[in-house]
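Each remark here refers to the structure printed beneath this line.
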Amino acid sequence: MNNIAYINEVNKSLPEYFSFGFFRIDNESKLIYVNDMLLSIFDYDSIEELQTKIYDDPNLNRLFNPKRLSQLQDSTNQKNKTCWIKNSGELLFLREHVKKYIGNNEKVFIDCFVEDITENYLLEKMFCDIHSSDYSVLKAIPDPILVLSADGIITDIKNNYRKLFPDLVHTRGISIFDLFEKEIAENILKLINDTLQNGESGSFEFEFGNPEEKQHVETRFAIRSKAEVIMILRDITLQKTAEKKIIKISDELRESNATKDKFLSIIGHDLKSPLNGLLGYAEILSKEYDNLEKTEIKEFADYILEIVRNTQNLLSNLLEWSKIQSRKLTFNPEQVIISKVIQKIKNLLGAATDNKNVNLIIDVDPNLIVYADENMLHSIFLNLIGNAIKFTHKGGFVKIKADEQNDHIKFSVMDNGVGISEDNIYKLMDTNYSGFTTLGTAKEKGTGLGIMLCREFIKLHNGYFKVDSEIGSGTTFSFSVSKNLLNYSYNEMNKNFSYQ
């Protein structure tokens, strides 16, 4: 500031874009010039508004008093700290640099550069308090404050430390390893040394307290002396709890939107297509009935029957899927005779196996009993067997097999159909792929909901779900359910999926 070039003429080349506030005043407290930065610092819109306030407000008049400013110019300390007042009433800490200017006709003016040091002043005051152990500023902070040596020993403790350490009686001389878990204490010790070496404040977050009532704590560090730091601990549990709730709500909304989109997609496409087919065949039968041969009528009737069955299966899956998404599905495991469930499936899919001449082989003990939710088990077998038929060529086979494995039963549904590529297996088993599907050997359509339902239902049974396949040779879907009701004492939503 010693080399500042002062202005020789009023209003000529004054520093409009200078980072300091600047004003020129005469001996009668009349402002000759004010730059925009000064108006910004004091929160005024114009020199006229500031001039009016100087005349009306005794405090502001004192600050702009030429006599006071002249005394500053004559003082040996050319960097004077002054507490000023903004137009809004807020306090400002400013440093003033004053110099007299002699204008035309020997008229005397006072030039003053003003530097806003409010933030630096408060920080300086805080660290002065820390160094003097006065803590007059830090006492206003509600958070616990520890003074720590370079090796992590508490040399002093301030404020409401019992909020975090309710059982702590003696504080001085305790190591951070006595207060915190080893990993947390090691992180604190590292930050102590980093702060002492680099002079830069560090921080990190951790969970603290007993397992039933964990607190989330944020720590910040600052140098107190060459060998000590202060550590401020702030309880941010409420903030973290709020963040988790926001994330949960966001995830639920995203999941809800994805469910809605999938639902509308099925309604708009996969349900519309079979209904259009039904309408078309019904119109032909209605208009051309008298002109059709019996064989043609039978053929159209078979088409209608197949469409209705597929649509019924689609609607059933859609309803089950919507129950899962809305968390309204109940899980009721009970004793189930497997052969009865499979026989029902065989009856339902009889037309499909007959149309494709697929041999349905059942290799299951007629008396085999498992503990499972019968409705879910029915849906699993219906979808897996129906899929196997769909992707098997005419004259092929589908085999259902059961093998005992300790306290579980492994069921396998295998076929000698077209097989599934490794990429498509990944899509079937990955929960990020919603409703993956391909056409069957007779161009049968699907929504992909069937495998999605199987995945969800098998998860509810704490079982595994697996796919083995080879292109051109066939596919085997296998899954497990329990033989023992005790295995469902707690029903964990696991993700035990794999494929080979």
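Residue names in the structure tokens use chain letters A, B, ... in the order shown, residue numbers from 1 in each chain, and ligand numbers from 1 in the order shown.
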
Can you list, as a PDB file with C-alpha atoms, in the first residue's frame, all residues belonging to range 188-222 of chain A that DSSP tags as strand (DSSP E or B)?
ATOM      1  CA  SER A 203     -11.855 -33.519   9.071  1.00  0.00           C
ATOM      2  CA  PHE A 204     -13.569 -36.894   8.838  1.00  0.00           C
ATOM      3  CA  GLU A 205     -16.801 -38.597   9.883  1.00  0.00           C
ATOM      4  CA  PHE A 206     -17.368 -41.759  11.893  1.00  0.00           C
ATOM      5  CA  GLU A 207     -19.983 -43.658  13.914  1.00  0.00           C
ATOM      6  CA  PHE A 208     -19.558 -43.642  17.657  1.00  0.00           C
ATOM      7  CA  GLN A 215     -24.117 -41.476  16.890  1.00  0.00           C
ATOM      8  CA  HIS A 216     -22.673 -40.056  13.696  1.00  0.00           C
ATOM      9  CA  VAL A 217     -19.874 -37.619  14.476  1.00  0.00           C
ATOM     10  CA  GLU A 218     -17.967 -35.127  12.322  1.00  0.00           C
ATOM     11  CA  THR A 219     -14.551 -34.006  13.580  1.00  0.00           C
ATOM     12  CA  ARG A 220     -12.545 -30.932  12.576  1.00  0.00           C
ATOM     13  CA  PHE A 221      -8.981 -30.092  13.520  1.00  0.00           C
ATOM     14  CA  ALA A 222      -6.995 -26.844  13.894  1.00  0.00           C
TER      15      ALA A 222
END

Requested in this report: Could you check which of A:Lys53, A:Lys248, A:Lys466, A:His97 is closest to Ser70 in chain A, using only C-alpha atoms?
Outcome: A:His97

Give me the residues near range 90-93 of chain A as a PDB file with N, CA and C atoms, in the first residue's frame, where near means some atom within 8 Å (using only C-alpha atoms) and where sequence neighbours in that chain fewer than 5 positions away do not count.
ATOM      1  N   LYS A  81      -7.403  -0.829  12.414  1.00  0.00           N
ATOM      2  CA  LYS A  81      -8.617  -1.634  12.425  1.00  0.00           C
ATOM      3  C   LYS A  81      -9.737  -0.830  13.062  1.00  0.00           C
ATOM      4  N   THR A  82     -10.887  -0.783  12.375  1.00  0.00           N
ATOM      5  CA  THR A  82     -12.027  -0.035  12.890  1.00  0.00           C
ATOM      6  C   THR A  82     -13.286  -0.863  12.730  1.00  0.00           C
ATOM      7  N   CYS A  83     -14.172  -0.742  13.696  1.00  0.00           N
ATOM      8  CA  CYS A  83     -15.463  -1.418  13.612  1.00  0.00           C
ATOM      9  C   CYS A  83     -16.448  -0.444  12.973  1.00  0.00           C
ATOM     10  N   TRP A  84     -16.910  -0.775  11.769  1.00  0.00           N
ATOM     11  CA  TRP A  84     -17.857   0.052  11.040  1.00  0.00           C
ATOM     12  C   TRP A  84     -19.228  -0.625  11.063  1.00  0.00           C
ATOM     13  N   ILE A  85     -20.210   0.068  10.526  1.00  0.00           N
ATOM     14  CA  ILE A  85     -21.572  -0.458  10.538  1.00  0.00           C
ATOM     15  C   ILE A  85     -22.156  -0.411   9.126  1.00  0.00           C
ATOM     16  N   ASP A 116     -12.031  -4.716   3.746  1.00  0.00           N
ATOM     17  CA  ASP A 116     -12.926  -5.514   4.586  1.00  0.00           C
ATOM     18  C   ASP A 116     -12.147  -6.705   5.155  1.00  0.00           C
ATOM     19  N   ILE A 117     -11.918  -6.703   6.491  1.00  0.00           N
ATOM     20  CA  ILE A 117     -11.158  -7.780   7.135  1.00  0.00           C
ATOM     21  C   ILE A 117     -12.013  -8.514   8.170  1.00  0.00           C
ATOM     22  N   THR A 118     -13.346  -8.435   8.006  1.00  0.00           N
ATOM     23  CA  THR A 118     -14.248  -9.014   9.009  1.00  0.00           C
ATOM     24  C   THR A 118     -13.968 -10.495   9.240  1.00  0.00           C
ATOM     25  N   TYR A 121     -10.528 -11.130  10.689  1.00  0.00           N
ATOM     26  CA  TYR A 121     -10.459 -10.656  12.070  1.00  0.00           C
ATOM     27  C   TYR A 121     -11.057 -11.694  13.032  1.00  0.00           C
TER      28      TYR A 121
END

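The neighbours of Arg62 in chain A here are the residues that come within 12 Å of it, using only C-alpha atoms and leaving out any residue fewer than 3 positions away in the same chain; they are Ser29, Lys53, Ile54, Tyr55, Asp56, Asp57, Pro58, Asn59, Asn65, Pro66, Lys67, Arg68, Leu69, Thr82, Cys83, Trp84 and Ile85 of chain A.
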
File dump, residues just selected, all heavy atoms, as a short mmCIF file (atom, residue, chain, number, x, y, z; two decimals), in the first residue's frame:
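Output file out.cif is given in full below:
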data_model
loop_
_atom_site.label_atom_id
_atom_site.label_comp_id
_atom_site.auth_asym_id
_atom_site.auth_seq_id
_atom_site.Cartn_x
_atom_site.Cartn_y
_atom_site.Cartn_z
N SER A 29 -16.95 17.15 5.81
CA SER A 29 -17.61 15.83 5.78
C SER A 29 -18.46 15.62 4.53
O SER A 29 -19.40 14.82 4.54
CB SER A 29 -18.49 15.61 7.03
OG SER A 29 -17.70 15.60 8.19
N LYS A 53 -27.07 9.63 5.01
CA LYS A 53 -26.94 8.85 6.26
C LYS A 53 -25.80 9.40 7.13
O LYS A 53 -25.90 9.39 8.36
CB LYS A 53 -26.67 7.39 5.90
CG LYS A 53 -26.93 6.42 7.06
CD LYS A 53 -28.41 6.36 7.43
CE LYS A 53 -28.69 5.38 8.54
NZ LYS A 53 -28.65 3.99 8.09
N ILE A 54 -24.73 9.89 6.50
CA ILE A 54 -23.61 10.46 7.26
C ILE A 54 -24.08 11.68 8.05
O ILE A 54 -23.72 11.87 9.22
CB ILE A 54 -22.45 10.84 6.33
CG1 ILE A 54 -21.78 9.58 5.78
CG2 ILE A 54 -21.41 11.69 7.06
CD1 ILE A 54 -20.75 9.84 4.71
N TYR A 55 -24.91 12.52 7.43
CA TYR A 55 -25.41 13.72 8.10
C TYR A 55 -26.42 13.37 9.20
O TYR A 55 -26.48 14.05 10.24
CB TYR A 55 -26.08 14.66 7.09
CG TYR A 55 -25.10 15.34 6.17
CD1 TYR A 55 -25.45 15.65 4.85
CD2 TYR A 55 -23.83 15.72 6.61
CE1 TYR A 55 -24.56 16.29 3.99
CE2 TYR A 55 -22.94 16.36 5.76
CZ TYR A 55 -23.30 16.64 4.45
OH TYR A 55 -22.41 17.27 3.61
N ASP A 56 -27.19 12.28 9.00
CA ASP A 56 -28.28 11.95 9.93
C ASP A 56 -27.86 11.03 11.07
O ASP A 56 -28.43 11.08 12.16
CB ASP A 56 -29.45 11.31 9.19
CG ASP A 56 -30.11 12.26 8.20
OD1 ASP A 56 -29.89 13.49 8.36
OD2 ASP A 56 -30.82 11.79 7.29
N ASP A 57 -26.88 10.18 10.81
CA ASP A 57 -26.51 9.15 11.78
C ASP A 57 -25.22 9.55 12.50
O ASP A 57 -24.15 9.62 11.87
CB ASP A 57 -26.33 7.80 11.06
CG ASP A 57 -26.15 6.65 12.04
OD1 ASP A 57 -25.65 6.87 13.16
OD2 ASP A 57 -26.48 5.50 11.67
N PRO A 58 -25.27 9.80 13.81
CA PRO A 58 -24.07 10.23 14.55
C PRO A 58 -22.92 9.22 14.47
O PRO A 58 -21.77 9.61 14.39
CB PRO A 58 -24.59 10.38 15.98
CG PRO A 58 -26.06 10.56 15.86
CD PRO A 58 -26.47 9.77 14.67
N ASN A 59 -23.25 7.91 14.51
CA ASN A 59 -22.20 6.89 14.46
C ASN A 59 -21.47 6.90 13.12
O ASN A 59 -20.24 6.86 13.06
CB ASN A 59 -22.80 5.50 14.70
CG ASN A 59 -23.27 5.32 16.13
OD1 ASN A 59 -22.60 5.75 17.06
ND2 ASN A 59 -24.43 4.69 16.31
N ASN A 65 -15.73 11.34 9.92
CA ASN A 65 -15.29 12.65 10.42
C ASN A 65 -13.87 12.96 9.95
O ASN A 65 -12.94 12.18 10.19
CB ASN A 65 -15.34 12.64 11.96
CG ASN A 65 -15.07 14.01 12.54
OD1 ASN A 65 -13.94 14.50 12.48
ND2 ASN A 65 -16.10 14.61 13.11
N PRO A 66 -13.65 14.10 9.27
CA PRO A 66 -12.32 14.44 8.75
C PRO A 66 -11.25 14.52 9.83
O PRO A 66 -10.09 14.17 9.61
CB PRO A 66 -12.53 15.79 8.07
CG PRO A 66 -13.99 15.85 7.78
CD PRO A 66 -14.65 15.08 8.87
N LYS A 67 -11.64 14.97 11.04
CA LYS A 67 -10.68 15.09 12.12
C LYS A 67 -10.15 13.72 12.53
O LYS A 67 -8.94 13.53 12.73
CB LYS A 67 -11.33 15.80 13.30
CG LYS A 67 -10.37 16.08 14.45
CD LYS A 67 -11.06 16.87 15.56
CE LYS A 67 -10.08 17.14 16.70
NZ LYS A 67 -10.70 17.90 17.80
N ARG A 68 -11.07 12.75 12.66
CA ARG A 68 -10.65 11.39 13.03
C ARG A 68 -9.74 10.81 11.96
O ARG A 68 -8.71 10.20 12.24
CB ARG A 68 -11.87 10.48 13.22
CG ARG A 68 -11.51 9.05 13.69
CD ARG A 68 -12.73 8.14 13.64
NE ARG A 68 -13.05 7.74 12.29
CZ ARG A 68 -12.49 6.69 11.65
NH1 ARG A 68 -11.57 5.96 12.27
NH2 ARG A 68 -12.85 6.39 10.43
N LEU A 69 -10.13 11.01 10.71
CA LEU A 69 -9.35 10.47 9.61
C LEU A 69 -7.97 11.12 9.53
O LEU A 69 -6.96 10.47 9.24
CB LEU A 69 -10.11 10.65 8.29
CG LEU A 69 -11.42 9.84 8.17
CD1 LEU A 69 -12.19 10.28 6.93
CD2 LEU A 69 -11.13 8.35 8.10
N THR A 82 -10.89 -0.78 12.37
CA THR A 82 -12.03 -0.03 12.89
C THR A 82 -13.29 -0.86 12.73
O THR A 82 -13.45 -1.58 11.74
CB THR A 82 -12.21 1.28 12.11
OG1 THR A 82 -10.98 1.99 12.10
CG2 THR A 82 -13.29 2.14 12.75
N CYS A 83 -14.17 -0.74 13.70
CA CYS A 83 -15.46 -1.42 13.61
C CYS A 83 -16.45 -0.44 12.97
O CYS A 83 -16.78 0.60 13.54
CB CYS A 83 -15.94 -1.83 15.00
SG CYS A 83 -17.53 -2.67 14.98
N TRP A 84 -16.91 -0.77 11.77
CA TRP A 84 -17.86 0.05 11.04
C TRP A 84 -19.23 -0.62 11.06
O TRP A 84 -19.37 -1.75 11.53
CB TRP A 84 -17.40 0.25 9.60
CG TRP A 84 -16.16 1.09 9.44
CD1 TRP A 84 -15.00 0.96 10.12
CD2 TRP A 84 -15.99 2.16 8.54
NE1 TRP A 84 -14.08 1.88 9.71
CE2 TRP A 84 -14.66 2.65 8.72
CE3 TRP A 84 -16.80 2.79 7.60
CZ2 TRP A 84 -14.14 3.71 7.99
CZ3 TRP A 84 -16.28 3.85 6.86
CH2 TRP A 84 -14.97 4.30 7.07
N ILE A 85 -20.21 0.07 10.53
CA ILE A 85 -21.57 -0.46 10.54
C ILE A 85 -22.16 -0.41 9.13
O ILE A 85 -22.12 0.63 8.47
CB ILE A 85 -22.48 0.37 11.48
CG1 ILE A 85 -21.88 0.39 12.88
CG2 ILE A 85 -23.90 -0.23 11.51
CD1 ILE A 85 -22.60 1.32 13.83
#

At a cut-off of 10 Å, using only C-alpha atoms, what residues contact range 298-306 of chain A? Leave out same-chain residues fewer than 2 positions from it and give the result as an mmCIF file with all heavy atoms, in the first residue's frame.
data_model
loop_
_atom_site.group_PDB
_atom_site.id
_atom_site.type_symbol
_atom_site.label_atom_id
_atom_site.label_comp_id
_atom_site.auth_asym_id
_atom_site.auth_seq_id
_atom_site.Cartn_x
_atom_site.Cartn_y
_atom_site.Cartn_z
ATOM 1 N N PRO A 274 -52.663 -59.854 -27.481
ATOM 2 C CA PRO A 274 -53.582 -61.002 -27.496
ATOM 3 C C PRO A 274 -55.049 -60.600 -27.612
ATOM 4 O O PRO A 274 -55.838 -61.316 -28.234
ATOM 5 C CB PRO A 274 -53.308 -61.697 -26.155
ATOM 6 C CG PRO A 274 -52.634 -60.690 -25.301
ATOM 7 C CD PRO A 274 -51.869 -59.821 -26.236
ATOM 8 N N LEU A 275 -55.406 -59.456 -27.032
ATOM 9 C CA LEU A 275 -56.801 -59.015 -27.165
ATOM 10 C C LEU A 275 -57.136 -58.691 -28.617
ATOM 11 O O LEU A 275 -58.246 -58.980 -29.089
ATOM 12 C CB LEU A 275 -57.049 -57.803 -26.269
ATOM 13 C CG LEU A 275 -57.059 -58.074 -24.760
ATOM 14 C CD1 LEU A 275 -57.230 -56.772 -23.981
ATOM 15 C CD2 LEU A 275 -58.163 -59.060 -24.397
ATOM 16 N N GLY A 277 -55.728 -60.145 -31.125
ATOM 17 C CA GLY A 277 -55.839 -61.456 -31.778
ATOM 18 C C GLY A 277 -57.188 -62.087 -31.535
ATOM 19 O O GLY A 277 -57.817 -62.641 -32.459
ATOM 20 N N LEU A 278 -57.654 -62.019 -30.283
ATOM 21 C CA LEU A 278 -58.983 -62.556 -29.963
ATOM 22 C C LEU A 278 -60.062 -61.871 -30.788
ATOM 23 O O LEU A 278 -60.983 -62.516 -31.316
ATOM 24 C CB LEU A 278 -59.276 -62.352 -28.469
ATOM 25 C CG LEU A 278 -58.649 -63.334 -27.475
ATOM 26 C CD1 LEU A 278 -58.979 -62.911 -26.058
ATOM 27 C CD2 LEU A 278 -59.167 -64.747 -27.731
ATOM 28 N N LEU A 279 -59.958 -60.535 -30.881
ATOM 29 C CA LEU A 279 -60.953 -59.770 -31.641
ATOM 30 C C LEU A 279 -60.958 -60.192 -33.102
ATOM 31 O O LEU A 279 -62.022 -60.364 -33.719
ATOM 32 C CB LEU A 279 -60.649 -58.278 -31.515
ATOM 33 C CG LEU A 279 -61.613 -57.327 -32.226
ATOM 34 C CD1 LEU A 279 -63.028 -57.481 -31.661
ATOM 35 C CD2 LEU A 279 -61.146 -55.882 -32.081
ATOM 36 N N GLY A 280 -59.766 -60.397 -33.651
ATOM 37 C CA GLY A 280 -59.674 -60.780 -35.068
ATOM 38 C C GLY A 280 -60.306 -62.130 -35.338
ATOM 39 O O GLY A 280 -61.108 -62.283 -36.286
ATOM 40 N N TYR A 281 -59.962 -63.140 -34.518
ATOM 41 C CA TYR A 281 -60.536 -64.477 -34.725
ATOM 42 C C TYR A 281 -62.030 -64.477 -34.461
ATOM 43 O O TYR A 281 -62.801 -65.158 -35.151
ATOM 44 C CB TYR A 281 -59.845 -65.490 -33.809
ATOM 45 C CG TYR A 281 -58.423 -65.799 -34.213
ATOM 46 C CD1 TYR A 281 -57.378 -65.707 -33.296
ATOM 47 C CD2 TYR A 281 -58.132 -66.201 -35.520
ATOM 48 C CE1 TYR A 281 -56.079 -65.981 -33.658
ATOM 49 C CE2 TYR A 281 -56.819 -66.483 -35.897
ATOM 50 C CZ TYR A 281 -55.802 -66.374 -34.961
ATOM 51 O OH TYR A 281 -54.522 -66.655 -35.341
ATOM 52 N N ALA A 282 -62.476 -63.718 -33.452
ATOM 53 C CA ALA A 282 -63.911 -63.648 -33.148
ATOM 54 C C ALA A 282 -64.681 -63.029 -34.311
ATOM 55 O O ALA A 282 -65.791 -63.479 -34.654
ATOM 56 C CB ALA A 282 -64.136 -62.851 -31.874
ATOM 57 N N ILE A 284 -63.843 -63.112 -37.498
ATOM 58 C CA ILE A 284 -63.881 -64.081 -38.604
ATOM 59 C C ILE A 284 -64.978 -65.118 -38.360
ATOM 60 O O ILE A 284 -65.780 -65.430 -39.263
ATOM 61 C CB ILE A 284 -62.509 -64.778 -38.746
ATOM 62 C CG1 ILE A 284 -61.473 -63.773 -39.237
ATOM 63 C CG2 ILE A 284 -62.601 -65.953 -39.717
ATOM 64 C CD1 ILE A 284 -60.058 -64.314 -39.251
ATOM 65 N N LEU A 285 -65.010 -65.657 -37.128
ATOM 66 C CA LEU A 285 -66.031 -66.658 -36.813
ATOM 67 C C LEU A 285 -67.437 -66.078 -36.922
ATOM 68 O O LEU A 285 -68.373 -66.741 -37.374
ATOM 69 C CB LEU A 285 -65.798 -67.207 -35.400
ATOM 70 C CG LEU A 285 -64.608 -68.163 -35.232
ATOM 71 C CD1 LEU A 285 -64.405 -68.496 -33.763
ATOM 72 C CD2 LEU A 285 -64.834 -69.445 -36.027
ATOM 73 N N LEU A 292 -67.339 -71.361 -43.354
ATOM 74 C CA LEU A 292 -66.151 -72.052 -42.866
ATOM 75 C C LEU A 292 -66.396 -73.550 -42.740
ATOM 76 O O LEU A 292 -67.503 -74.000 -42.401
ATOM 77 C CB LEU A 292 -65.742 -71.502 -41.493
ATOM 78 C CG LEU A 292 -65.251 -70.057 -41.449
ATOM 79 C CD1 LEU A 292 -65.036 -69.616 -39.995
ATOM 80 C CD2 LEU A 292 -63.955 -69.909 -42.244
ATOM 81 N N GLU A 293 -65.342 -74.306 -43.035
ATOM 82 C CA GLU A 293 -65.380 -75.739 -42.791
ATOM 83 C C GLU A 293 -65.209 -75.996 -41.293
ATOM 84 O O GLU A 293 -64.705 -75.169 -40.547
ATOM 85 C CB GLU A 293 -64.252 -76.431 -43.563
ATOM 86 C CG GLU A 293 -64.311 -76.234 -45.061
ATOM 87 C CD GLU A 293 -65.472 -76.987 -45.696
ATOM 88 O OE1 GLU A 293 -65.945 -77.972 -45.087
ATOM 89 O OE2 GLU A 293 -65.910 -76.575 -46.780
ATOM 90 N N LYS A 294 -65.647 -77.238 -40.878
ATOM 91 C CA LYS A 294 -65.505 -77.583 -39.464
ATOM 92 C C LYS A 294 -64.044 -77.545 -39.019
ATOM 93 O O LYS A 294 -63.739 -77.145 -37.898
ATOM 94 C CB LYS A 294 -66.101 -78.969 -39.205
ATOM 95 C CG LYS A 294 -67.615 -78.997 -39.183
ATOM 96 C CD LYS A 294 -68.131 -80.370 -38.758
ATOM 97 C CE LYS A 294 -69.658 -80.374 -38.663
ATOM 98 N NZ LYS A 294 -70.185 -81.705 -38.230
ATOM 99 N N THR A 295 -63.184 -77.994 -39.913
ATOM 100 C CA THR A 295 -61.753 -77.997 -39.556
ATOM 101 C C THR A 295 -61.234 -76.571 -39.352
ATOM 102 O O THR A 295 -60.400 -76.330 -38.474
ATOM 103 C CB THR A 295 -60.932 -78.683 -40.654
ATOM 104 O OG1 THR A 295 -61.200 -78.047 -41.921
ATOM 105 C CG2 THR A 295 -61.258 -80.167 -40.742
ATOM 106 N N GLU A 296 -61.740 -75.634 -40.155
ATOM 107 C CA GLU A 296 -61.316 -74.237 -40.018
ATOM 108 C C GLU A 296 -61.854 -73.633 -38.717
ATOM 109 O O GLU A 296 -61.157 -72.886 -38.014
ATOM 110 C CB GLU A 296 -61.800 -73.425 -41.217
ATOM 111 C CG GLU A 296 -61.117 -73.784 -42.523
ATOM 112 C CD GLU A 296 -61.673 -72.996 -43.696
ATOM 113 O OE1 GLU A 296 -62.919 -72.905 -43.838
ATOM 114 O OE2 GLU A 296 -60.859 -72.440 -44.466
ATOM 115 N N VAL A 308 -56.377 -67.193 -24.991
ATOM 116 C CA VAL A 308 -57.014 -66.989 -23.689
ATOM 117 C C VAL A 308 -56.138 -67.550 -22.579
ATOM 118 O O VAL A 308 -55.963 -66.913 -21.527
ATOM 119 C CB VAL A 308 -58.411 -67.639 -23.667
ATOM 120 C CG1 VAL A 308 -58.974 -67.654 -22.243
ATOM 121 C CG2 VAL A 308 -59.363 -66.876 -24.583
ATOM 122 N N ARG A 309 -55.588 -68.755 -22.802
ATOM 123 C CA ARG A 309 -54.730 -69.352 -21.780
ATOM 124 C C ARG A 309 -53.477 -68.510 -21.540
ATOM 125 O O ARG A 309 -53.066 -68.297 -20.390
ATOM 126 C CB ARG A 309 -54.347 -70.768 -22.192
ATOM 127 C CG ARG A 309 -55.464 -71.779 -21.944
ATOM 128 C CD ARG A 309 -55.110 -73.133 -22.466
ATOM 129 N NE ARG A 309 -56.129 -74.121 -22.081
ATOM 130 C CZ ARG A 309 -56.263 -75.302 -22.681
ATOM 131 N NH1 ARG A 309 -55.457 -75.644 -23.675
ATOM 132 N NH2 ARG A 309 -57.205 -76.146 -22.272
ATOM 133 N N ASN A 310 -52.859 -68.045 -22.623
ATOM 134 C CA ASN A 310 -51.666 -67.208 -22.484
ATOM 135 C C ASN A 310 -51.998 -65.892 -21.770
ATOM 136 O O ASN A 310 -51.225 -65.405 -20.936
ATOM 137 C CB ASN A 310 -51.050 -66.912 -23.851
ATOM 138 C CG ASN A 310 -50.380 -68.133 -24.452
ATOM 139 O OD1 ASN A 310 -50.004 -69.055 -23.735
ATOM 140 N ND2 ASN A 310 -50.232 -68.147 -25.764
ATOM 141 N N THR A 311 -53.156 -65.330 -22.123
ATOM 142 C CA THR A 311 -53.564 -64.070 -21.486
ATOM 143 C C THR A 311 -53.866 -64.280 -20.012
ATOM 144 O O THR A 311 -53.524 -63.455 -19.155
ATOM 145 C CB THR A 311 -54.800 -63.498 -22.198
ATOM 146 O OG1 THR A 311 -54.518 -63.345 -23.592
ATOM 147 C CG2 THR A 311 -55.168 -62.132 -21.624
ATOM 148 N N GLN A 312 -54.514 -65.425 -19.710
ATOM 149 C CA GLN A 312 -54.794 -65.751 -18.313
ATOM 150 C C GLN A 312 -53.497 -65.894 -17.520
ATOM 151 O O GLN A 312 -53.383 -65.395 -16.396
ATOM 152 C CB GLN A 312 -55.600 -67.052 -18.232
ATOM 153 C CG GLN A 312 -56.001 -67.424 -16.801
ATOM 154 C CD GLN A 312 -56.693 -68.768 -16.743
ATOM 155 O OE1 GLN A 312 -56.334 -69.697 -17.464
ATOM 156 N NE2 GLN A 312 -57.714 -68.871 -15.897
ATOM 157 N N ALA A 351 -52.776 -78.643 -23.263
ATOM 158 C CA ALA A 351 -52.969 -78.228 -24.662
ATOM 159 C C ALA A 351 -51.652 -77.802 -25.286
ATOM 160 O O ALA A 351 -51.375 -78.111 -26.465
ATOM 161 C CB ALA A 351 -53.975 -77.080 -24.721
ATOM 162 N N ALA A 352 -50.807 -77.100 -24.525
ATOM 163 C CA ALA A 352 -49.519 -76.635 -25.059
ATOM 164 C C ALA A 352 -48.605 -77.802 -25.378
ATOM 165 O O ALA A 352 -47.938 -77.821 -26.421
ATOM 166 C CB ALA A 352 -48.850 -75.708 -24.051
ATOM 167 N N ASN A 355 -50.058 -79.611 -28.523
ATOM 168 C CA ASN A 355 -49.863 -78.867 -29.767
ATOM 169 C C ASN A 355 -48.439 -79.004 -30.300
ATOM 170 O O ASN A 355 -48.221 -79.042 -31.515
ATOM 171 C CB ASN A 355 -50.179 -77.388 -29.566
ATOM 172 C CG ASN A 355 -51.677 -77.136 -29.440
ATOM 173 O OD1 ASN A 355 -52.498 -77.953 -29.870
ATOM 174 N ND2 ASN A 355 -52.045 -76.013 -28.842
#

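Shortest separation to Asn424 in chain A among A:Ile471, A:Ile154, A:Leu146, A:Leu319 occurs at residue A:Ile471, atoms counted being only C-alpha atoms.
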
Report task. Would you mind writing down, as a ChimeraX atom specification, each residue of range 373-484 of chain A that DSSP on the backbone assigns to alpha helix (DSSP H)? Result -> /A:374-390,422-429,449-460

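Residue neighbourhood of Met414 in chain A, excluding near-sequence residues (fewer than 2 positions): A:Val398, A:Lys399, A:Ile400, A:Ser412, A:Thr475, A:Thr476, A:Phe477, at 7 Å, using only C-alpha atoms.
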
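Coordinates place CA of Glu334 in chain A at a distance of 5.4 Å from CA of Ala372 in chain A.
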
Requested in this report: Considering only C-alpha atoms, state which residue in the set A:Lys240, A:Ile223, A:Ile25, A:Leu148 is at the smallest distance from Leu189 in chain A.
Outcome: A:Leu148

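CA of Leu238 in chain A is found 28.9 Å from CA of Glu119 in chain A.
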